[in-house]
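*Asks:* Input structure: my_file14.tsv, which contains TSV, C-alpha atoms.
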```tsv
chain	number	residue	atom	x	y	z
A	1	MET	CA	-30.71	42.57	-76.40
A	2	SER	CA	-31.49	45.49	-78.61
A	3	LYS	CA	-32.50	49.05	-78.05
A	4	LYS	CA	-35.92	50.07	-79.32
A	5	VAL	CA	-36.41	53.77	-80.05
A	6	ILE	CA	-39.82	54.94	-78.85
A	7	SER	CA	-41.43	57.76	-80.81
A	8	THR	CA	-44.97	59.12	-80.89
A	9	SER	CA	-46.61	62.09	-82.58
A	10	LYS	CA	-48.63	62.56	-79.37
A	11	ALA	CA	-45.54	64.11	-77.75
A	12	PRO	CA	-43.22	66.79	-79.14
A	13	ALA	CA	-40.68	65.61	-81.67
A	14	ALA	CA	-37.07	65.65	-80.53
A	15	ILE	CA	-35.50	69.04	-81.27
A	16	GLY	CA	-31.93	67.76	-81.32
A	17	PRO	CA	-29.81	64.61	-81.61
A	18	TYR	CA	-31.82	62.49	-79.16
A	19	SER	CA	-34.83	60.17	-79.03
A	20	GLN	CA	-38.08	60.75	-77.15
A	21	ALA	CA	-37.26	57.52	-75.33
A	22	ASN	CA	-35.23	54.32	-75.53
A	23	PHE	CA	-36.51	50.91	-74.37
A	24	ILE	CA	-33.95	48.25	-73.46
A	25	ASN	CA	-34.26	45.15	-71.27
A	26	GLY	CA	-37.68	46.25	-69.99
A	27	VAL	CA	-36.43	49.70	-68.96
A	28	LEU	CA	-37.75	52.85	-70.64
A	29	TYR	CA	-35.52	55.94	-70.51
A	30	ILE	CA	-37.57	59.04	-71.39
A	31	SER	CA	-35.80	62.22	-72.46
A	32	GLY	CA	-36.63	65.44	-70.63
A	33	GLN	CA	-39.97	66.77	-71.77
A	34	ILE	CA	-40.77	70.47	-71.97
A	35	PRO	CA	-44.24	72.05	-72.28
A	36	ILE	CA	-44.69	71.95	-76.04
A	37	ASP	CA	-48.18	71.08	-77.28
A	38	PRO	CA	-47.49	68.38	-79.89
A	39	GLU	CA	-50.60	69.30	-81.91
A	40	THR	CA	-49.62	72.95	-82.41
A	41	GLY	CA	-45.88	72.89	-81.76
A	42	ASN	CA	-46.40	75.88	-79.45
A	43	LEU	CA	-45.18	76.31	-75.90
A	44	VAL	CA	-47.79	76.62	-73.18
A	45	ASP	CA	-47.16	79.29	-70.55
A	46	GLY	CA	-47.48	79.44	-66.77
A	47	ILE	CA	-46.21	76.79	-64.35
A	48	GLU	CA	-49.60	75.05	-63.96
A	49	LYS	CA	-50.25	74.73	-67.71
A	50	GLU	CA	-46.60	73.88	-68.33
A	51	THR	CA	-46.60	71.06	-65.78
A	52	HIS	CA	-49.84	69.58	-67.16
A	53	GLN	CA	-48.40	69.65	-70.71
A	54	VAL	CA	-45.12	68.03	-69.63
A	55	MET	CA	-47.01	65.26	-67.81
A	56	LYS	CA	-49.28	64.71	-70.85
A	57	ASN	CA	-46.19	64.44	-73.05
A	58	LEU	CA	-44.61	61.92	-70.66
A	59	LYS	CA	-47.88	59.94	-70.53
A	60	ALA	CA	-48.02	59.73	-74.34
A	61	ILE	CA	-44.48	58.34	-74.49
A	62	LEU	CA	-45.19	55.85	-71.70
A	63	GLU	CA	-48.34	54.69	-73.51
A	64	GLU	CA	-46.45	54.30	-76.80
A	65	ALA	CA	-44.17	51.87	-74.94
A	66	GLY	CA	-47.16	50.06	-73.38
A	67	LEU	CA	-46.52	51.49	-69.91
A	68	THR	CA	-48.20	53.87	-67.45
A	69	PHE	CA	-47.08	56.23	-64.70
A	70	SER	CA	-47.30	53.23	-62.32
A	71	ASN	CA	-44.26	51.81	-64.15
A	72	VAL	CA	-42.15	54.92	-63.46
A	73	VAL	CA	-39.37	54.23	-60.98
A	74	LYS	CA	-37.42	57.50	-61.25
A	75	ALA	CA	-38.20	61.09	-62.19
A	76	THR	CA	-35.92	64.08	-62.53
A	77	ILE	CA	-37.51	67.52	-62.38
A	78	PHE	CA	-35.78	70.72	-63.43
A	79	LEU	CA	-37.35	74.03	-62.38
A	80	LYS	CA	-36.25	77.47	-63.44
A	81	ASN	CA	-37.60	78.85	-60.14
A	82	MET	CA	-37.95	76.78	-56.96
A	83	ASP	CA	-40.80	79.12	-55.96
A	84	ASP	CA	-42.86	77.12	-58.51
A	85	PHE	CA	-42.26	73.87	-56.60
A	86	ALA	CA	-45.60	73.69	-54.73
A	87	ALA	CA	-47.73	74.35	-57.83
A	88	MET	CA	-45.68	71.93	-59.96
A	89	ASN	CA	-45.66	69.27	-57.25
A	90	GLN	CA	-49.44	69.28	-56.82
A	91	ILE	CA	-50.05	68.82	-60.56
A	92	TYR	CA	-47.23	66.26	-60.91
A	93	ALA	CA	-48.72	64.19	-58.06
A	94	SER	CA	-52.21	64.29	-59.63
A	95	TYR	CA	-50.96	62.12	-62.52
A	96	LEU	CA	-49.42	59.47	-60.27
A	97	ASP	CA	-50.72	56.60	-58.17
A	98	GLU	CA	-49.92	57.49	-54.56
A	99	ASN	CA	-49.16	53.80	-53.90
A	100	SER	CA	-46.37	53.76	-56.48
A	101	TYR	CA	-44.66	57.17	-56.42
A	102	PRO	CA	-41.29	57.06	-58.18
A	103	ALA	CA	-38.01	58.11	-56.62
A	104	ARG	CA	-37.07	61.61	-57.75
A	105	GLU	CA	-35.07	64.76	-57.36
A	106	THR	CA	-36.06	68.32	-58.13
A	107	VAL	CA	-33.40	70.90	-58.88
A	108	GLN	CA	-33.45	74.57	-59.77
A	109	VAL	CA	-31.51	75.46	-62.89
A	110	SER	CA	-30.63	78.85	-64.38
A	111	CYS	CA	-32.15	78.15	-67.79
A	112	LEU	CA	-34.03	75.44	-69.70
A	113	PRO	CA	-34.57	74.84	-73.43
A	114	LYS	CA	-36.78	77.51	-75.03
A	115	ASN	CA	-36.71	79.32	-71.65
A	116	VAL	CA	-39.50	77.12	-70.20
A	117	SER	CA	-40.20	76.88	-66.45
A	118	VAL	CA	-40.13	73.08	-66.07
A	119	GLU	CA	-38.61	69.99	-67.67
A	120	ILE	CA	-39.14	66.42	-66.47
A	121	SER	CA	-37.45	63.17	-67.48
A	122	MET	CA	-38.42	59.68	-66.32
A	123	ILE	CA	-37.22	56.11	-66.15
A	124	ALA	CA	-39.89	53.40	-66.19
A	125	HIS	CA	-39.66	49.63	-65.79
A	126	GLN	CA	-41.78	46.94	-67.40
A	127	PHE	CA	-42.46	44.82	-64.30
```
As structure tokens, what does this structure read like?
*Replies:*
Amino acid sequence: MSKKVISTSKAPAAIGPYSQANFINGVLYISGQIPIDPETGNLVDGIEKETHQVMKNLKAILEEAGLTFSNVVKATIFLKNMDDFAAMNQIYASYLDENSYPARETVQVSCLPKNVSVEISMIAHQF
């Protein structure tokens, strides 16, 4: 058993001592993604645009590992403001297969990296 570090230029590079994702024993652990456009390195703004960018970043990492959102078994969502929940939730759901929603929690936090509004991490399994 060995850990494989997953990295793609189609998602933002890690901005600290962590990997975009680690794959071990068929399980992919994806680090929290924030709404950075990997092509420009710029943050997108507004909860709708931010959520779309985060989901695109997560999708790119999943694809690099040969997986899709259907493989996701767990998601953790951090929101700066729980008032953004409905807008975030609608966009988040649009990327997923309603027959295979992952388990998840959503929590409000006082601050996120680069002062963004949303961060999402995921765990996926190679079935």
*Asks:* What are the closest atom pairs, with distances in Å to one decimal, for all residues of stretch 38-72 of chain A lying within 12 Å of stretch 81-103 of chain A? Consider all atoms listed in the file, order rows by chain and residue number, and present the result as a tab-separated table.
*Replies:*
```
residue	atom	partner	partner_atom	distance
A:Gly46	CA	A:Asp84	CA	9.7
A:Ile47	CA	A:Met88	CA	6.6
A:Glu48	CA	A:Met88	CA	6.4
A:Lys49	CA	A:Ile91	CA	9.3
A:Glu50	CA	A:Met88	CA	8.6
A:Thr51	CA	A:Met88	CA	6.0
A:His52	CA	A:Ile91	CA	6.6
A:Gln53	CA	A:Ile91	CA	10.3
A:Val54	CA	A:Tyr92	CA	9.1
A:Met55	CA	A:Tyr92	CA	7.0
A:Lys56	CA	A:Tyr95	CA	8.9
A:Asn57	CA	A:Tyr95	CA	11.8
A:Leu58	CA	A:Tyr95	CA	10.3
A:Lys59	CA	A:Tyr95	CA	8.9
A:Thr68	CA	A:Leu96	CA	9.2
A:Phe69	CA	A:Leu96	CA	6.0
A:Ser70	CA	A:Ser100	CA	5.9
A:Asn71	CA	A:Ser100	CA	8.2
A:Val72	CA	A:Pro102	CA	5.8
```
*Asks:* Counting only C-alpha atoms, what is within 9 Å of A:Val107, bar same-chain residues fewer than 4 positions away, as an MDAnalysis selection string?
*Replies:* chainID A and resid 76:80 82
*Asks:* State, in Å with one decimal place, the distance from atom CA of A:Ala21 to atom CA of A:Ser117.
*Replies:*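 Answer for the atom CA of A:Ala21 to atom CA of A:Ser117 separation: 21.5 Å.
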*Asks:* Just want the 12 Å neighbourhood of A:Tyr18, counted on all atoms listed in the file, with same-chain residues fewer than 3 positions away dropped. Output as a ChimeraX atom specification.
*Replies:* /A:5-7,13-15,21-22,29-33
*Asks:* Identify which of the residues A:Val109, A:Gln126, A:Val44, A:Ser121 lies closest to A:Ala75, counting all atoms listed in the file when measuring atom-to-atom distances.
*Replies:*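 Smallest separation from A:Ala75 among the options: A:Ser121.
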*Asks:* With distances taken over only C-alpha atoms, which of A:Met1, A:Val73, A:Ile36, A:Val27 is nearest to A:Val118?
*Replies:*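 For A:Val118, the nearest of the candidates is A:Ile36.
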